[in-house]
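Everything below belongs to data-v2.pdb, which stores PDB, C-alpha atoms.
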MODEL        1
ATOM      1  CA  MET U   1      97.065 106.961  98.012
ATOM      2  CA  GLU U   2      95.892 110.287  99.351
ATOM      3  CA  LYS U   3      98.373 110.298 102.217
ATOM      4  CA  ASP U   4     101.274 110.979  99.826
ATOM      5  CA  ARG U   5      99.687 114.105  98.425
ATOM      6  CA  PRO U   6     100.192 117.603  99.775
ATOM      7  CA  PRO U   7      97.076 119.671 100.495
ATOM      8  CA  GLN U   8      95.047 120.462  97.400
ATOM      9  CA  SER U   9      95.564 124.213  97.820
ATOM     10  CA  CYS U  10      99.307 123.880  97.190
ATOM     11  CA  PHE U  11      99.451 120.893  94.854
ATOM     12  CA  VAL U  12     100.853 122.849  91.892
ATOM     13  CA  LEU U  13     102.870 125.552  93.659
ATOM     14  CA  LEU U  14     103.742 125.958  97.305
ATOM     15  CA  LEU U  15     103.511 129.594  98.388
ATOM     16  CA  LEU U  16     105.135 130.570 101.658
ATOM     17  CA  VAL U  17     104.372 134.103 102.795
ATOM     18  CA  LEU U  18     106.446 135.365 105.671
ATOM     19  CA  LEU U  19     105.413 138.699 107.104
ATOM     20  CA  SER U  20     106.785 140.805 109.875
ATOM     21  CA  THR U  21     104.988 140.995 113.211
ATOM     22  CA  ASN U  22     103.392 144.285 112.211
ATOM     23  CA  ALA U  23     101.866 143.511 108.820
ATOM     24  CA  SER U  24      99.781 146.695 108.796
ATOM     25  CA  ASP U  25     102.897 148.797 108.315
ATOM     26  CA  SER U  26     103.808 148.551 104.636
ATOM     27  CA  THR U  27     107.364 149.662 105.392
ATOM     28  CA  GLU U  28     108.022 146.673 107.593
ATOM     29  CA  PRO U  29     110.103 143.836 106.048
ATOM     30  CA  GLN U  30     108.043 141.373 104.024
ATOM     31  CA  TYR U  31     109.097 138.044 102.565
ATOM     32  CA  MET U  32     107.587 135.651 100.034
ATOM     33  CA  ALA U  33     108.833 132.243  98.890
ATOM     34  CA  LEU U  34     107.554 130.323  95.858
ATOM     35  CA  VAL U  35     108.632 126.689  95.351
ATOM     36  CA  PRO U  36     107.066 123.636  93.644
ATOM     37  CA  SER U  37     104.954 121.406  95.847
ATOM     38  CA  LEU U  38     106.267 118.396  93.886
ATOM     39  CA  LEU U  39     110.055 118.031  93.836
ATOM     40  CA  HIS U  40     111.872 115.499  91.638
ATOM     41  CA  THR U  41     115.213 114.020  92.643
ATOM     42  CA  GLU U  42     118.339 114.270  90.473
ATOM     43  CA  THR U  43     116.657 117.064  88.508
ATOM     44  CA  PRO U  44     117.382 120.785  88.948
ATOM     45  CA  GLU U  45     114.538 122.425  90.878
ATOM     46  CA  LYS U  46     114.074 126.131  91.465
ATOM     47  CA  GLY U  47     112.757 128.290  94.306
ATOM     48  CA  CYS U  48     112.087 132.029  94.025
ATOM     49  CA  PHE U  49     112.069 134.583  96.848
ATOM     50  CA  LEU U  50     110.783 138.132  97.109
ATOM     51  CA  LEU U  51     112.148 140.291  99.920
ATOM     52  CA  SER U  52     110.912 143.846 100.432
ATOM     53  CA  TYR U  53     111.684 146.740 102.804
ATOM     54  CA  LEU U  54     114.744 145.135 104.358
ATOM     55  CA  ASN U  55     116.528 147.410 106.837
ATOM     56  CA  GLU U  56     119.415 145.054 107.589
ATOM     57  CA  THR U  57     121.499 142.289 106.086
ATOM     58  CA  VAL U  58     119.792 138.902 106.417
ATOM     59  CA  THR U  59     120.643 135.280 105.689
ATOM     60  CA  LEU U  60     118.205 133.380 103.465
ATOM     61  CA  SER U  61     118.256 129.608 103.802
ATOM     62  CA  ALA U  62     116.085 126.625 102.909
ATOM     63  CA  SER U  63     116.223 123.030 104.115
ATOM     64  CA  LEU U  64     114.329 119.795 103.568
ATOM     65  CA  GLU U  65     113.319 117.703 106.573
ATOM     66  CA  SER U  66     112.412 114.057 106.078
ATOM     67  CA  LEU U  67     112.737 110.674 107.771
ATOM     68  CA  ARG U  68     116.205 110.397 106.272
ATOM     69  CA  GLY U  69     117.301 113.544 108.094
ATOM     70  CA  ASN U  70     117.700 117.238 107.315
ATOM     71  CA  GLN U  71     119.271 118.474 104.097
ATOM     72  CA  ASN U  72     120.358 122.063 103.572
ATOM     73  CA  LEU U  73     119.288 123.173 100.092
ATOM     74  CA  PHE U  74     120.965 126.577  99.950
ATOM     75  CA  THR U  75     122.112 129.540 102.069
ATOM     76  CA  ASP U  76     122.479 133.079 100.678
ATOM     77  CA  LEU U  77     123.415 136.398 102.211
ATOM     78  CA  VAL U  78     121.062 139.245 101.228
ATOM     79  CA  VAL U  79     122.226 142.852 101.568
ATOM     80  CA  GLU U  80     119.807 144.603  99.201
ATOM     81  CA  LYS U  81     116.755 146.398 100.526
ATOM     82  CA  ASP U  82     114.449 144.871  97.902
ATOM     83  CA  LEU U  83     115.264 141.635  96.156
ATOM     84  CA  PHE U  84     113.663 139.061  93.872
ATOM     85  CA  HIS U  85     115.964 136.061  93.619
ATOM     86  CA  CYS U  86     115.645 132.507  92.273
ATOM     87  CA  VAL U  87     117.893 129.675  93.451
ATOM     88  CA  SER U  88     118.417 126.235  91.869
ATOM     89  CA  PHE U  89     118.967 123.102  93.910
ATOM     90  CA  THR U  90     119.063 119.344  93.277
ATOM     91  CA  LEU U  91     117.783 116.622  95.599
ATOM     92  CA  PRO U  92     119.531 113.243  95.828
ATOM     93  CA  LYS U  93     117.761 110.075  94.806
ATOM     94  CA  ILE U  94     115.599 108.465  97.497
ATOM     95  CA  SER U  95     115.257 104.746  98.225
ATOM     96  CA  SER U  96     111.467 104.687  97.740
ATOM     97  CA  PHE U  97     109.589 105.991  94.730
ATOM     98  CA  SER U  98     108.141 108.952  96.692
ATOM     99  CA  GLU U  99     107.991 110.378 100.204
ATOM    100  CA  MET U 100     106.569 113.337 102.096
ATOM    101  CA  ALA U 101     108.943 115.953 103.513
ATOM    102  CA  PHE U 102     108.898 119.398 105.134
ATOM    103  CA  LEU U 103     110.377 122.339 103.272
ATOM    104  CA  SER U 104     111.565 125.029 105.695
ATOM    105  CA  VAL U 105     112.521 128.577 104.674
ATOM    106  CA  GLN U 106     114.282 130.809 107.186
ATOM    107  CA  ILE U 107     115.250 134.477 106.979
ATOM    108  CA  LYS U 108     117.487 135.567 109.823
ATOM    109  CA  GLY U 109     119.166 138.876 110.684
ATOM    110  CA  PRO U 110     120.467 140.748 113.726
ATOM    111  CA  THR U 111     116.964 141.762 114.801
ATOM    112  CA  GLN U 112     114.733 139.537 112.666
ATOM    113  CA  ASP U 113     114.166 135.824 112.564
ATOM    114  CA  PHE U 114     111.312 134.434 110.479
ATOM    115  CA  LYS U 115     110.724 130.770 109.683
ATOM    116  CA  LYS U 116     108.015 128.943 107.759
ATOM    117  CA  LYS U 117     107.588 125.301 106.813
ATOM    118  CA  ASN U 118     105.139 123.304 104.729
ATOM    119  CA  THR U 119     104.827 119.803 103.299
ATOM    120  CA  VAL U 120     106.087 118.836  99.838
ATOM    121  CA  LEU U 121     106.083 115.587  97.890
ATOM    122  CA  VAL U 122     109.492 114.262  96.815
ATOM    123  CA  LYS U 123     109.637 111.757  93.952
ATOM    124  CA  ASN U 124     112.383 110.071  92.000
ATOM    125  CA  ALA U 125     112.418 111.535  88.512
ATOM    126  CA  PRO U 126     110.429 109.141  86.282
ATOM    127  CA  SER U 127     112.064 108.047  83.047
ATOM    128  CA  LEU U 128     110.996 106.279  79.886
ATOM    129  CA  VAL U 129     113.611 103.945  78.424
ATOM    130  CA  PHE U 130     113.579 102.872  74.778
ATOM    131  CA  VAL U 131     115.753 100.335  72.937
ATOM    132  CA  GLN U 132     116.284 100.748  69.196
ATOM    133  CA  THR U 133     118.197  98.635  66.657
ATOM    134  CA  ASP U 134     119.355  99.902  63.275
ATOM    135  CA  LYS U 135     117.224  97.275  61.481
ATOM    136  CA  PRO U 136     114.765  94.489  62.358
ATOM    137  CA  ILE U 137     116.464  91.572  60.532
ATOM    138  CA  TYR U 138     120.163  90.609  60.475
ATOM    139  CA  LYS U 139     122.156  88.039  58.554
ATOM    140  CA  PRO U 140     124.805  85.815  60.161
ATOM    141  CA  GLY U 141     128.107  87.666  60.532
ATOM    142  CA  GLN U 142     126.531  91.131  60.614
ATOM    143  CA  THR U 143     126.858  93.579  63.518
ATOM    144  CA  VAL U 144     123.793  94.479  65.562
ATOM    145  CA  LYS U 145     123.941  98.205  66.303
ATOM    146  CA  PHE U 146     121.566  99.416  68.988
ATOM    147  CA  ARG U 147     121.047 102.336  71.325
ATOM    148  CA  ILE U 148     119.349 102.928  74.653
ATOM    149  CA  VAL U 149     117.473 106.202  75.124
ATOM    150  CA  SER U 150     116.136 107.601  78.415
ATOM    151  CA  VAL U 151     113.739 110.570  78.596
ATOM    152  CA  ASP U 152     111.503 112.072  81.270
ATOM    153  CA  GLU U 153     107.758 112.605  81.133
ATOM    154  CA  ASN U 154     108.343 115.740  79.040
ATOM    155  CA  PHE U 155     110.655 113.817  76.659
ATOM    156  CA  HIS U 156     113.761 115.622  77.906
ATOM    157  CA  PRO U 157     116.942 113.478  78.082
ATOM    158  CA  VAL U 158     117.608 111.902  81.474
ATOM    159  CA  SER U 159     121.104 110.857  82.527
ATOM    160  CA  GLU U 160     120.771 107.681  84.547
ATOM    161  CA  LEU U 161     122.631 104.498  85.409
ATOM    162  CA  ILE U 162     121.452 101.222  83.855
ATOM    163  CA  PRO U 163     122.656  98.317  86.042
ATOM    164  CA  LEU U 164     122.306  95.566  83.450
ATOM    165  CA  VAL U 165     121.757  95.044  79.722
ATOM    166  CA  TYR U 166     121.869  91.587  78.167
ATOM    167  CA  LEU U 167     121.126  89.825  74.873
ATOM    168  CA  GLU U 168     119.330  86.464  74.688
ATOM    169  CA  GLU U 169     119.356  84.090  71.718
ATOM    170  CA  PRO U 170     116.235  82.104  70.682
ATOM    171  CA  LYS U 171     116.951  79.330  73.221
ATOM    172  CA  GLY U 172     117.088  81.812  76.110
ATOM    173  CA  ASN U 173     120.874  81.754  76.614
ATOM    174  CA  ARG U 174     122.733  85.017  77.153
ATOM    175  CA  VAL U 175     125.210  85.749  74.391
ATOM    176  CA  GLY U 176     126.043  89.327  75.391
ATOM    177  CA  GLN U 177     125.974  91.394  78.578
ATOM    178  CA  TRP U 178     126.801  94.965  79.675
ATOM    179  CA  GLN U 179     126.852  96.220  83.266
ATOM    180  CA  SER U 180     126.655  99.667  84.906
ATOM    181  CA  LEU U 181     125.922 101.628  81.744
ATOM    182  CA  LYS U 182     125.838 105.391  82.222
ATOM    183  CA  LEU U 183     123.407 107.092  79.856
ATOM    184  CA  GLU U 184     125.138 110.423  79.264
ATOM    185  CA  SER U 185     122.515 112.974  78.217
ATOM    186  CA  GLY U 186     120.054 110.092  78.063
ATOM    187  CA  LEU U 187     121.827 108.107  75.326
ATOM    188  CA  GLN U 188     124.179 105.139  75.013
ATOM    189  CA  GLN U 189     125.099 103.397  71.726
ATOM    190  CA  LEU U 190     126.397  99.832  71.631
ATOM    191  CA  ALA U 191     127.113  97.065  69.123
ATOM    192  CA  PHE U 192     127.190  93.274  69.102
ATOM    193  CA  PRO U 193     128.829  91.265  66.265
ATOM    194  CA  LEU U 194     127.026  88.083  65.250
ATOM    195  CA  SER U 195     129.031  84.959  64.534
ATOM    196  CA  SER U 196     129.158  83.455  61.060
ATOM    197  CA  GLU U 197     126.885  80.578  62.132
ATOM    198  CA  PRO U 198     124.563  81.896  64.867
ATOM    199  CA  ILE U 199     121.345  80.286  66.016
ATOM    200  CA  GLN U 200     118.695  81.708  63.727
ATOM    201  CA  GLY U 201     115.426  83.068  65.087
ATOM    202  CA  SER U 202     114.201  85.834  67.377
ATOM    203  CA  TYR U 203     116.767  87.503  69.673
ATOM    204  CA  LYS U 204     115.777  89.599  72.683
ATOM    205  CA  MET U 205     117.562  92.665  74.083
ATOM    206  CA  VAL U 206     116.699  93.265  77.762
ATOM    207  CA  VAL U 207     117.404  96.506  79.663
ATOM    208  CA  GLN U 208     117.008  96.330  83.452
ATOM    209  CA  LYS U 209     116.547  99.625  85.314
ATOM    210  CA  GLU U 210     117.555 100.317  88.907
ATOM    211  CA  SER U 211     113.918  99.949  89.941
ATOM    212  CA  GLY U 212     113.944  96.379  88.594
ATOM    213  CA  GLU U 213     111.736  97.241  85.626
ATOM    214  CA  LYS U 214     112.744  95.473  82.406
ATOM    215  CA  ILE U 215     112.427  96.840  78.877
ATOM    216  CA  GLU U 216     112.655  94.353  76.003
ATOM    217  CA  HIS U 217     113.280  94.722  72.289
ATOM    218  CA  SER U 218     113.391  91.884  69.751
ATOM    219  CA  PHE U 219     115.046  91.410  66.369
ATOM    220  CA  THR U 220     115.466  88.467  64.004
ATOM    221  CA  VAL U 221     118.545  86.670  62.719
ATOM    222  CA  GLU U 222     118.032  84.611  59.577
ATOM    223  CA  GLU U 223     119.754  83.653  56.353
ATOM    224  CA  VAL U 224     117.847  85.464  53.634
ATOM    225  CA  VAL U 225     118.266  84.033  50.118
ATOM    226  CA  LEU U 226     116.751  86.108  47.354
ATOM    227  CA  PRO U 227     115.105  84.065  44.566
ATOM    228  CA  LYS U 228     116.747  84.166  41.155
ATOM    229  CA  PHE U 229     114.731  84.206  37.979
ATOM    230  CA  GLU U 230     115.212  84.714  34.282
ATOM    231  CA  VAL U 231     112.801  85.822  31.583
ATOM    232  CA  LYS U 232     113.443  85.117  27.906
ATOM    233  CA  VAL U 233     111.286  86.275  24.997
ATOM    234  CA  HIS U 234     111.313  84.180  21.834
ATOM    235  CA  VAL U 235     110.238  85.882  18.622
ATOM    236  CA  PRO U 236     110.288  84.620  15.043
ATOM    237  CA  LYS U 237     113.614  85.053  13.319
ATOM    238  CA  ILE U 238     111.950  86.691  10.343
ATOM    239  CA  ILE U 239     108.994  89.075  10.430
ATOM    240  CA  SER U 240     107.554  90.016   7.062
ATOM    241  CA  ILE U 241     106.026  93.364   6.354
ATOM    242  CA  LEU U 242     103.013  91.445   5.124
ATOM    243  CA  ASP U 243     102.461  89.833   8.507
ATOM    244  CA  GLU U 244      99.615  91.495  10.416
ATOM    245  CA  LYS U 245     100.254  89.479  13.571
ATOM    246  CA  VAL U 246     103.280  87.817  15.112
ATOM    247  CA  ASN U 247     103.471  85.214  17.863
ATOM    248  CA  ILE U 248     105.787  86.035  20.802
ATOM    249  CA  THR U 249     106.520  83.398  23.431
ATOM    250  CA  PRO U 250     107.856  84.586  26.822
ATOM    251  CA  ARG U 251     109.629  81.978  28.913
ATOM    252  CA  ASN U 252     110.495  82.343  32.596
ATOM    253  CA  ALA U 253     112.564  80.226  34.914
ATOM    254  CA  HIS U 254     113.390  80.657  38.598
ATOM    255  CA  SER U 255     115.524  78.708  41.035
ATOM    256  CA  LEU U 256     114.654  77.789  44.621
ATOM    257  CA  VAL U 257     117.400  77.128  47.136
ATOM    258  CA  ILE U 258     116.506  74.766  49.963
ATOM    259  CA  VAL U 259     118.772  74.738  53.015
ATOM    260  CA  VAL U 260     118.909  71.413  54.831
ATOM    261  CA  SER U 261     120.785  70.638  58.016
ATOM    262  CA  ARG U 262     122.167  67.299  56.822
ATOM    263  CA  GLY U 263     121.921  64.905  53.918
ATOM    264  CA  SER U 264     120.314  65.856  50.620
ATOM    265  CA  LEU U 265     116.843  65.891  49.165
ATOM    266  CA  ASN U 266     115.714  63.399  46.579
ATOM    267  CA  PRO U 267     113.388  64.877  43.939
ATOM    268  CA  ARG U 268     110.984  62.048  44.702
ATOM    269  CA  ASP U 269     110.910  62.741  48.472
ATOM    270  CA  PRO U 270     107.635  64.195  49.868
ATOM    271  CA  GLU U 271     109.576  67.091  51.458
ATOM    272  CA  CYS U 272     110.994  68.079  48.132
ATOM    273  CA  LYS U 273     107.640  67.641  46.377
ATOM    274  CA  SER U 274     105.970  69.958  48.924
ATOM    275  CA  VAL U 275     108.167  72.915  47.924
ATOM    276  CA  CYS U 276     108.948  71.920  44.330
ATOM    277  CA  PRO U 277     105.831  70.551  42.605
ATOM    278  CA  SER U 278     107.791  69.880  39.416
ATOM    279  CA  ALA U 279     110.779  68.357  41.200
ATOM    280  CA  SER U 280     110.109  64.948  39.632
ATOM    281  CA  THR U 281     111.165  66.249  36.256
ATOM    282  CA  LEU U 282     113.434  69.204  36.977
ATOM    283  CA  GLY U 283     114.831  68.345  40.405
ATOM    284  CA  CYS U 284     114.715  70.444  43.548
ATOM    285  CA  GLY U 285     117.143  73.054  42.277
ATOM    286  CA  GLY U 286     114.800  74.814  39.895
ATOM    287  CA  THR U 287     111.362  75.014  38.373
ATOM    288  CA  ARG U 288     110.051  76.403  35.169
ATOM    289  CA  GLY U 289     106.732  78.126  34.751
ATOM    290  CA  PRO U 290     104.327  77.771  31.839
ATOM    291  CA  GLU U 291     105.178  79.251  28.489
ATOM    292  CA  PRO U 292     102.157  81.155  27.218
ATOM    293  CA  SER U 293     101.990  82.273  23.646
ATOM    294  CA  VAL U 294     101.223  85.962  23.098
ATOM    295  CA  GLU U 295      99.755  87.154  19.814
ATOM    296  CA  TRP U 296     100.853  90.689  18.945
ATOM    297  CA  ASP U 297      98.842  92.654  16.419
ATOM    298  CA  LEU U 298     101.412  94.499  14.318
ATOM    299  CA  ALA U 299      98.797  96.656  12.630
ATOM    300  CA  SER U 300      97.439  98.067  15.864
ATOM    301  CA  ALA U 301     100.954  98.415  17.270
ATOM    302  CA  SER U 302     102.127 100.465  14.319
ATOM    303  CA  THR U 303      99.037 102.616  14.507
ATOM    304  CA  SER U 304      99.368 103.267  18.206
ATOM    305  CA  GLY U 305     103.130 103.784  17.896
TER     306      GLY U 305
ENDMDL
END

Since I need it in another form, could you write the structure as structure tokens?
Amino acid sequence: MEKDRPPQSCFVLLLLVLLSTNASDSTEPQYMALVPSLLHTETPEKGCFLLSYLNETVTLSASLESLRGNQNLFTDLVVEKDLFHCVSFTLPKISSFSEMAFLSVQIKGPTQDFKKKNTVLVKNAPSLVFVQTDKPIYKPGQTVKFRIVSVDENFHPVSELIPLVYLEEPKGNRVGQWQSLKLESGLQQLAFPLSSEPIQGSYKMVVQKESGEKIEHSFTVEEVVLPKFEVKVHVPKIISILDEKVNITPRNAHSLVIVVSRGSLNPRDPECKSVCPSASTLGCGGTRGPEPSVEWDLASASTSG
């Protein structure tokens, strides 16, 4: 593990100080380069340079040396005597997750030629991928709307290529697939329409990254039937002013819909009895709860009212 790390003294920032041959003379040209010791690929990186007491036009250049070869990062012509300048550059994606490389900075002029190199760690920019659906449960015939979001370790959007996205139904069969999705600014929104009679159960959305890592997100498809009920209140037709109390009887009734794949249920069948205790008298289509009698004290009601 330690072999992939640059020296501890330059782990956060890599400081390259390039001095002239006569450092005791403060009027001699002096150069300083400041670059990160950890460089991420496909992400803008920045290097800053301080040049002082220049007496000629020089060329400032930086390159990265690795097992894959040399890559020129930038080349600038400097004509000012004193200059502080920052340059942005982007490294291409590497085949491995990380690798060590040499960062070389060279300042060259008609009479001066200074070069300094040091080790840096190059890594592919890490990303966190999330899958979100607009709701957790869908009915047959509805459209599943979902989005894929990619961010870096600082939760900044990351534009990356997703090789494969697919949708699996409860039996493990693929019912939808998307290939080579480009997440522009770290976001891609998609949709999948469900059929009118899909397999009900838990569906799984799988996102496969270029590294082979898979991110999964599940949602449910089911036929949701809301129970129906009715409440009726029966009161005496005539209430006398002499009555101190009156009996009120609330009655409630609700229906239960049972979905069966084939055939029909007999009220006397055990399956029907298990969900409809009173099916023997009312059938499996509905049940009726008890009818309690409520005694209402008119005297106290009129006082409190």

Q.
When you look at Leu181 in chain U with a cut-off of 7 Å (counting all atoms listed in the file), what residues show up, excluding the ones that are within fewer than 4 positions of it in the same chain? I need them as a ChimeraX atom specification.
A. /U:161-163

Requested write-out: C-alpha atoms of the selected residues, as a PDB file, in the coordinates of the input:
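What ended up in out_7.pdb:
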ATOM      1  CA  LEU U 161     122.631 104.498  85.409  1.00  0.00           C
ATOM      2  CA  ILE U 162     121.452 101.222  83.855  1.00  0.00           C
ATOM      3  CA  PRO U 163     122.656  98.317  86.042  1.00  0.00           C
TER       4      PRO U 163
END

Q: Go ahead and compute the interatomic distance for CA of Asp134 in chain U and CA of Ser185 in chain U, in Å to one decimal.
A: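 CA of Ser185 in chain U lies 20.1 Å from CA of Asp134 in chain U.
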
Q. Quick one: of U:Leu77, U:Ala62, U:Val158, U:Leu51, who's nearest to Tyr31 in chain U, counting only C-alpha atoms?
A.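 Looking only at the distances to Tyr31 in chain U, the closest residue turns out to be U:Leu51.
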
**Q.** Which of U:Ile107, U:Ile199, U:Leu54, U:Leu242 sits closest to Thr220 in chain U [using only C-alpha atoms]
**A.** U:Ile199

Q.
Need to verify the contact set: Gln112 in chain U, 9 Å, only C-alpha atoms, exclusion of same-chain residues closer than 3 positions in sequence. Can you return it as a list in words?
A.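 Within the cut-off, the hits are Ser20, Glu56, Val58, Ile107, Lys108 and Gly109 of chain U.
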
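The shortest atom-to-atom distance to Val221 in chain U, with only C-alpha atoms taken into account, belongs to U:Lys135 out of U:Lys93, U:Lys237, U:Lys46, U:Lys135.
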
Q: Tell me, in Å to one decimal, how far CA of Phe49 in chain U is from CA of Arg68 in chain U.
A: 26.3 Å

Q.
From the options U:Ile94, U:Val105, U:Ile239, U:Leu39, which residue's atoms come nearest to Lys117 in chain U, counting only C-alpha atoms?
A.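 Between U:Ile94, U:Val105, U:Ile239, U:Leu39, the residue approaching Lys117 in chain U most closely is U:Val105.
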
Q: Might you pull out every residue within 6 Å of range 213-218 of chain U, with all atoms listed in the file counted and same-chain residues fewer than 6 positions away left off, and present them as a PyMOL selection string?
A: chain U and resi 203-207

Q: Carefully work through the PyMOL selection byres ((chain U and resi 132) around 9) for this structure and note down the residues it includes, as a PyMOL selection string.
A: chain U and resi 130-131+133-135+145-149+217

Q: Counting all atoms listed in the file, figure out which residue out of U:Gln177, U:Gln30, U:Thr75, U:Gln200 gets nearest to Thr59 in chain U.
A: U:Thr75

(Q) If we draw a sphere of 6 Å around (111.3, 133.6, 93.3), which residues have at least one atom in it when counting all atoms listed in the file? Please report them as a VMD selection string. (A) chain U and resid 34 47 to 50 84 to 86

Box for range 248-252 of chain U: with edges along x, y and z, all listed atoms inside and 8 Å added on each side, what are the centre and edge lengths in Å to one decimal, as JSON?
{"center_x": 108.1, "center_y": 84.0, "center_z": 26.7, "size_x": 20.7, "size_y": 20.1, "size_z": 27.8}

All heavy atoms modelled onto range 127-134 of chain U, as a PDB file, in the coordinates of the input:
ATOM      1  N   SER U 127     111.402 108.083  84.354  1.00  0.00           N
ATOM      2  CA  SER U 127     112.064 108.047  83.047  1.00  0.00           C
ATOM      3  C   SER U 127     111.425 106.983  82.176  1.00  0.00           C
ATOM      4  O   SER U 127     110.920 105.967  82.668  1.00  0.00           O
ATOM      5  CB  SER U 127     113.562 107.765  83.206  1.00  0.00           C
ATOM      6  OG  SER U 127     113.772 106.478  83.754  1.00  0.00           O
ATOM      7  N   LEU U 128     111.448 107.241  80.883  1.00  0.00           N
ATOM      8  CA  LEU U 128     110.996 106.279  79.886  1.00  0.00           C
ATOM      9  C   LEU U 128     112.223 105.814  79.117  1.00  0.00           C
ATOM     10  O   LEU U 128     112.974 106.627  78.584  1.00  0.00           O
ATOM     11  CB  LEU U 128     109.989 106.930  78.928  1.00  0.00           C
ATOM     12  CG  LEU U 128     108.720 107.512  79.564  1.00  0.00           C
ATOM     13  CD1 LEU U 128     107.910 108.266  78.516  1.00  0.00           C
ATOM     14  CD2 LEU U 128     107.879 106.420  80.187  1.00  0.00           C
ATOM     15  N   VAL U 129     112.431 104.509  79.076  1.00  0.00           N
ATOM     16  CA  VAL U 129     113.611 103.945  78.424  1.00  0.00           C
ATOM     17  C   VAL U 129     113.176 103.213  77.158  1.00  0.00           C
ATOM     18  O   VAL U 129     112.240 102.400  77.192  1.00  0.00           O
ATOM     19  CB  VAL U 129     114.367 102.992  79.370  1.00  0.00           C
ATOM     20  CG1 VAL U 129     115.533 102.326  78.637  1.00  0.00           C
ATOM     21  CG2 VAL U 129     114.887 103.759  80.581  1.00  0.00           C
ATOM     22  N   PHE U 130     113.863 103.508  76.062  1.00  0.00           N
ATOM     23  CA  PHE U 130     113.579 102.872  74.778  1.00  0.00           C
ATOM     24  C   PHE U 130     114.850 102.174  74.276  1.00  0.00           C
ATOM     25  O   PHE U 130     115.961 102.643  74.502  1.00  0.00           O
ATOM     26  CB  PHE U 130     113.136 103.896  73.736  1.00  0.00           C
ATOM     27  CG  PHE U 130     111.929 104.700  74.132  1.00  0.00           C
ATOM     28  CD1 PHE U 130     112.073 105.912  74.783  1.00  0.00           C
ATOM     29  CD2 PHE U 130     110.651 104.248  73.861  1.00  0.00           C
ATOM     30  CE1 PHE U 130     110.971 106.668  75.153  1.00  0.00           C
ATOM     31  CE2 PHE U 130     109.539 104.993  74.223  1.00  0.00           C
ATOM     32  CZ  PHE U 130     109.706 106.201  74.870  1.00  0.00           C
ATOM     33  N   VAL U 131     114.656 101.046  73.581  1.00  0.00           N
ATOM     34  CA  VAL U 131     115.753 100.335  72.937  1.00  0.00           C
ATOM     35  C   VAL U 131     115.473 100.304  71.440  1.00  0.00           C
ATOM     36  O   VAL U 131     114.372  99.926  71.020  1.00  0.00           O
ATOM     37  CB  VAL U 131     115.900  98.899  73.481  1.00  0.00           C
ATOM     38  CG1 VAL U 131     117.111  98.217  72.859  1.00  0.00           C
ATOM     39  CG2 VAL U 131     116.019  98.909  74.999  1.00  0.00           C
ATOM     40  N   GLN U 132     116.452 100.706  70.642  1.00  0.00           N
ATOM     41  CA  GLN U 132     116.284 100.748  69.196  1.00  0.00           C
ATOM     42  C   GLN U 132     117.458 100.045  68.519  1.00  0.00           C
ATOM     43  O   GLN U 132     118.610 100.210  68.942  1.00  0.00           O
ATOM     44  CB  GLN U 132     116.218 102.202  68.696  1.00  0.00           C
ATOM     45  CG  GLN U 132     115.063 103.008  69.270  1.00  0.00           C
ATOM     46  CD  GLN U 132     115.133 104.473  68.864  1.00  0.00           C
ATOM     47  OE1 GLN U 132     116.188 105.070  68.869  1.00  0.00           O
ATOM     48  NE2 GLN U 132     113.992 105.054  68.513  1.00  0.00           N
ATOM     49  N   THR U 133     117.161  99.245  67.490  1.00  0.00           N
ATOM     50  CA  THR U 133     118.197  98.635  66.657  1.00  0.00           C
ATOM     51  C   THR U 133     118.165  99.302  65.283  1.00  0.00           C
ATOM     52  O   THR U 133     117.152  99.881  64.875  1.00  0.00           O
ATOM     53  CB  THR U 133     117.963  97.123  66.504  1.00  0.00           C
ATOM     54  OG1 THR U 133     116.612  96.886  66.066  1.00  0.00           O
ATOM     55  CG2 THR U 133     118.176  96.419  67.842  1.00  0.00           C
ATOM     56  N   ASP U 134     119.288  99.211  64.567  1.00  0.00           N
ATOM     57  CA  ASP U 134     119.355  99.902  63.275  1.00  0.00           C
ATOM     58  C   ASP U 134     118.525  99.212  62.202  1.00  0.00           C
ATOM     59  O   ASP U 134     118.233  99.817  61.171  1.00  0.00           O
ATOM     60  CB  ASP U 134     120.810 100.057  62.820  1.00  0.00           C
ATOM     61  CG  ASP U 134     121.522  98.722  62.673  1.00  0.00           C
ATOM     62  OD1 ASP U 134     121.122  97.765  63.365  1.00  0.00           O
ATOM     63  OD2 ASP U 134     122.473  98.635  61.886  1.00  0.00           O
TER      64      ASP U 134
END
